[in-house]
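One structure is given here, and the rest of the page talks about it.
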Amino acid sequence: MYPIVGWRNRKSADTRNCACGTWKQHWLNYSGRGWPTSCSVMRCNNPPTVGAPVINSNVAGESIVPMCAACNKLAEEFILKINAIAVSANPAETCAAKKRVMYGSGWE
């Protein structure tokens, strides 16, 4: 299970691409879930509009989580909801490898 505290937005990933087309589609392809009705950030109930690239010093690499536009602009650390699903943003582990990679409570 990944930590829920210590997450930050990673803006540099906006310049990278994967075979999925968008980070939202990437999340949909590799989470095994439908798009959630609320943002992944604790205490935010806005509808998510993007698949947001995020980082955590306790997690290797970058991850993607569903996020609203306002939380996607946060400069400070934030906490993810306990039921948030983060997928790897590394195409070599996901779309380029054609395999499903999931973290957190999403393992089945």
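Ligands are numbered from 1 in the order shown, residues from 1 within each chain, and chains are lettered A, B, ... in the order they appear in the structure tokens.
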
(Q) List the spatial neighbours of Ala96 (chain A) as a PyMOL selection string - criterion: any atom at most 9 Å away, only C-alpha atoms, same-chain residues fewer than 5 positions off excluded. (A) chain A and resi 18-19+90-91

Using only C-alpha atoms, determine which residues lie at most 7 Å from region 41-57 of chain A, disregarding the query and same-chain residues fewer than 4 positions distant; provide the list as a PDB file with N, CA and C atoms, in the first residue's frame.
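part_9.pdb written:
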```pdb
ATOM      1  N   GLY A   6       2.183  13.302   2.132  1.00  0.00           N
ATOM      2  CA  GLY A   6       3.434  13.693   1.494  1.00  0.00           C
ATOM      3  C   GLY A   6       3.427  13.762  -0.015  1.00  0.00           C
ATOM      4  N   TRP A   7       2.274  13.921  -0.635  1.00  0.00           N
ATOM      5  CA  TRP A   7       2.188  13.997  -2.094  1.00  0.00           C
ATOM      6  C   TRP A   7       2.343  15.425  -2.580  1.00  0.00           C
ATOM      7  N   ARG A   8       2.877  15.583  -3.782  1.00  0.00           N
ATOM      8  CA  ARG A   8       3.043  16.883  -4.437  1.00  0.00           C
ATOM      9  C   ARG A   8       2.710  16.725  -5.914  1.00  0.00           C
ATOM     10  N   ASN A   9       2.251  17.811  -6.513  1.00  0.00           N
ATOM     11  CA  ASN A   9       2.041  17.824  -7.964  1.00  0.00           C
ATOM     12  C   ASN A   9       3.388  17.824  -8.666  1.00  0.00           C
ATOM     13  N   ARG A  10       3.452  17.161  -9.796  1.00  0.00           N
ATOM     14  CA  ARG A  10       4.675  17.102 -10.597  1.00  0.00           C
ATOM     15  C   ARG A  10       4.363  17.701 -11.960  1.00  0.00           C
ATOM     16  N   ALA A  13       5.767  16.436 -15.776  1.00  0.00           N
ATOM     17  CA  ALA A  13       5.194  15.313 -16.526  1.00  0.00           C
ATOM     18  C   ALA A  13       4.231  15.787 -17.605  1.00  0.00           C
ATOM     19  N   TRP A  23      -3.318  11.730 -19.568  1.00  0.00           N
ATOM     20  CA  TRP A  23      -3.079  11.086 -18.262  1.00  0.00           C
ATOM     21  C   TRP A  23      -4.396  10.575 -17.672  1.00  0.00           C
ATOM     22  N   LYS A  24      -5.511  11.219 -17.989  1.00  0.00           N
ATOM     23  CA  LYS A  24      -6.815  10.715 -17.541  1.00  0.00           C
ATOM     24  C   LYS A  24      -7.075   9.348 -18.158  1.00  0.00           C
ATOM     25  N   TRP A  27      -4.867   6.719 -16.596  1.00  0.00           N
ATOM     26  CA  TRP A  27      -5.392   6.252 -15.311  1.00  0.00           C
ATOM     27  C   TRP A  27      -6.539   5.269 -15.534  1.00  0.00           C
ATOM     28  N   THR A  37     -16.088  10.146  -8.818  1.00  0.00           N
ATOM     29  CA  THR A  37     -16.960  11.324  -8.784  1.00  0.00           C
ATOM     30  C   THR A  37     -16.348  12.475  -8.004  1.00  0.00           C
ATOM     31  N   GLY A  61       9.326   6.816  -8.481  1.00  0.00           N
ATOM     32  CA  GLY A  61       8.744   7.325  -9.713  1.00  0.00           C
ATOM     33  C   GLY A  61       7.539   8.216  -9.508  1.00  0.00           C
ATOM     34  N   GLU A  62       6.873   8.506 -10.614  1.00  0.00           N
ATOM     35  CA  GLU A  62       5.688   9.349 -10.609  1.00  0.00           C
ATOM     36  C   GLU A  62       4.447   8.479 -10.696  1.00  0.00           C
ATOM     37  N   SER A  63       3.345   9.015 -10.182  1.00  0.00           N
ATOM     38  CA  SER A  63       2.059   8.334 -10.237  1.00  0.00           C
ATOM     39  C   SER A  63       1.024   9.281 -10.819  1.00  0.00           C
ATOM     40  N   ILE A  64      -0.110   8.711 -11.227  1.00  0.00           N
ATOM     41  CA  ILE A  64      -1.225   9.484 -11.747  1.00  0.00           C
ATOM     42  C   ILE A  64      -2.440   9.237 -10.862  1.00  0.00           C
ATOM     43  N   VAL A  65      -3.112  10.333 -10.466  1.00  0.00           N
ATOM     44  CA  VAL A  65      -4.350  10.239  -9.701  1.00  0.00           C
ATOM     45  C   VAL A  65      -5.385  11.178 -10.314  1.00  0.00           C
ATOM     46  N   PRO A  66      -6.675  10.847 -10.204  1.00  0.00           N
ATOM     47  CA  PRO A  66      -7.724  11.758 -10.646  1.00  0.00           C
ATOM     48  C   PRO A  66      -7.757  12.992  -9.738  1.00  0.00           C
ATOM     49  N   MET A  67      -7.797  14.176 -10.331  1.00  0.00           N
ATOM     50  CA  MET A  67      -7.734  15.395  -9.544  1.00  0.00           C
ATOM     51  C   MET A  67      -8.560  16.494 -10.208  1.00  0.00           C
ATOM     52  N   CYS A  68      -9.108  17.389  -9.381  1.00  0.00           N
ATOM     53  CA  CYS A  68      -9.831  18.546  -9.921  1.00  0.00           C
ATOM     54  C   CYS A  68      -8.817  19.600 -10.359  1.00  0.00           C
ATOM     55  N   ALA A  69      -9.285  20.573 -11.109  1.00  0.00           N
ATOM     56  CA  ALA A  69      -8.390  21.618 -11.632  1.00  0.00           C
ATOM     57  C   ALA A  69      -7.737  22.414 -10.512  1.00  0.00           C
ATOM     58  N   ASN A  72      -5.004  20.386  -8.786  1.00  0.00           N
ATOM     59  CA  ASN A  72      -3.906  20.171  -9.721  1.00  0.00           C
ATOM     60  C   ASN A  72      -2.944  21.355  -9.744  1.00  0.00           C
ATOM     61  N   PHE A  78       0.076  17.580  -0.113  1.00  0.00           N
ATOM     62  CA  PHE A  78      -1.317  17.273   0.192  1.00  0.00           C
ATOM     63  C   PHE A  78      -1.440  15.810   0.578  1.00  0.00           C
ATOM     64  N   ILE A  79      -2.596  15.462   1.091  1.00  0.00           N
ATOM     65  CA  ILE A  79      -2.906  14.101   1.524  1.00  0.00           C
ATOM     66  C   ILE A  79      -3.912  13.518   0.543  1.00  0.00           C
ATOM     67  N   LEU A  80      -3.684  12.286   0.129  1.00  0.00           N
ATOM     68  CA  LEU A  80      -4.651  11.602  -0.725  1.00  0.00           C
ATOM     69  C   LEU A  80      -5.704  10.921   0.143  1.00  0.00           C
ATOM     70  N   LYS A  81      -6.899  10.792  -0.387  1.00  0.00           N
ATOM     71  CA  LYS A  81      -7.958  10.052   0.290  1.00  0.00           C
ATOM     72  C   LYS A  81      -7.532   8.594   0.404  1.00  0.00           C
TER      73      LYS A  81
END
```

Q) Mind pulling up the distance from CA of Ser38 (chain A) to CA of Leu74 (chain A)? A) 16.4 Å

Q) Using only C-alpha atoms, which of A:Asn17, A:Ser40, A:Gln25, A:Trp35 sits nearest Ala84 (chain A)? A)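 Using only C-alpha atoms, Ala84 (chain A) sits closest to A:Ser40.
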
Q. Nearest to Pro3 (chain A): which of A:Cys20, A:Ala86, A:Ala70, A:Cys39 is it, counting only C-alpha atoms?
A.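 Of the candidates, the smallest distance to Pro3 (chain A) is held by A:Ala86.
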
Q: Taking the DSSP assignment computed from this structure's backbone, write out as a PyMOL selection string all residues of chain A that belong to strand (DSSP E or B).
A: chain A and resi 7-9+41+50-56+63-67+78+80+87-88

Would you export the selected residues with C-alpha atoms as a short mmCIF file (atom, residue, chain, number, x, y, z; two decimals), in the first residue's frame, please?
```cif
data_model
loop_
_atom_site.label_atom_id
_atom_site.label_comp_id
_atom_site.auth_asym_id
_atom_site.auth_seq_id
_atom_site.Cartn_x
_atom_site.Cartn_y
_atom_site.Cartn_z
CA TRP A 7 2.19 14.00 -2.09
CA ARG A 8 3.04 16.88 -4.44
CA ASN A 9 2.04 17.82 -7.96
CA VAL A 41 -7.17 14.93 -2.51
CA VAL A 50 -7.59 15.48 -15.09
CA GLY A 51 -5.25 12.61 -14.47
CA ALA A 52 -2.63 14.47 -12.44
CA PRO A 53 1.06 13.51 -12.26
CA VAL A 54 2.09 13.38 -8.59
CA ILE A 55 5.21 12.43 -6.63
CA ASN A 56 5.97 11.25 -3.11
CA SER A 63 2.06 8.33 -10.24
CA ILE A 64 -1.23 9.48 -11.75
CA VAL A 65 -4.35 10.24 -9.70
CA PRO A 66 -7.72 11.76 -10.65
CA MET A 67 -7.73 15.40 -9.54
CA PHE A 78 -1.32 17.27 0.19
CA LEU A 80 -4.65 11.60 -0.72
CA VAL A 87 -1.17 4.25 -11.11
CA SER A 88 2.40 4.40 -12.33
#
```

Q. When DSSP works through the backbone of this structure, what residues of chain A end up as alpha helix (DSSP H), shown as a ChimeraX atom specification?
A. /A:23-31

(Q) Under the rule that only C-alpha atoms are counted, which of A:His26, A:Ile4, A:Lys11, A:Gly21 is the nearest residue to Glu93 (chain A)? (A)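 Of the candidates, the smallest distance to Glu93 (chain A) is held by A:His26.
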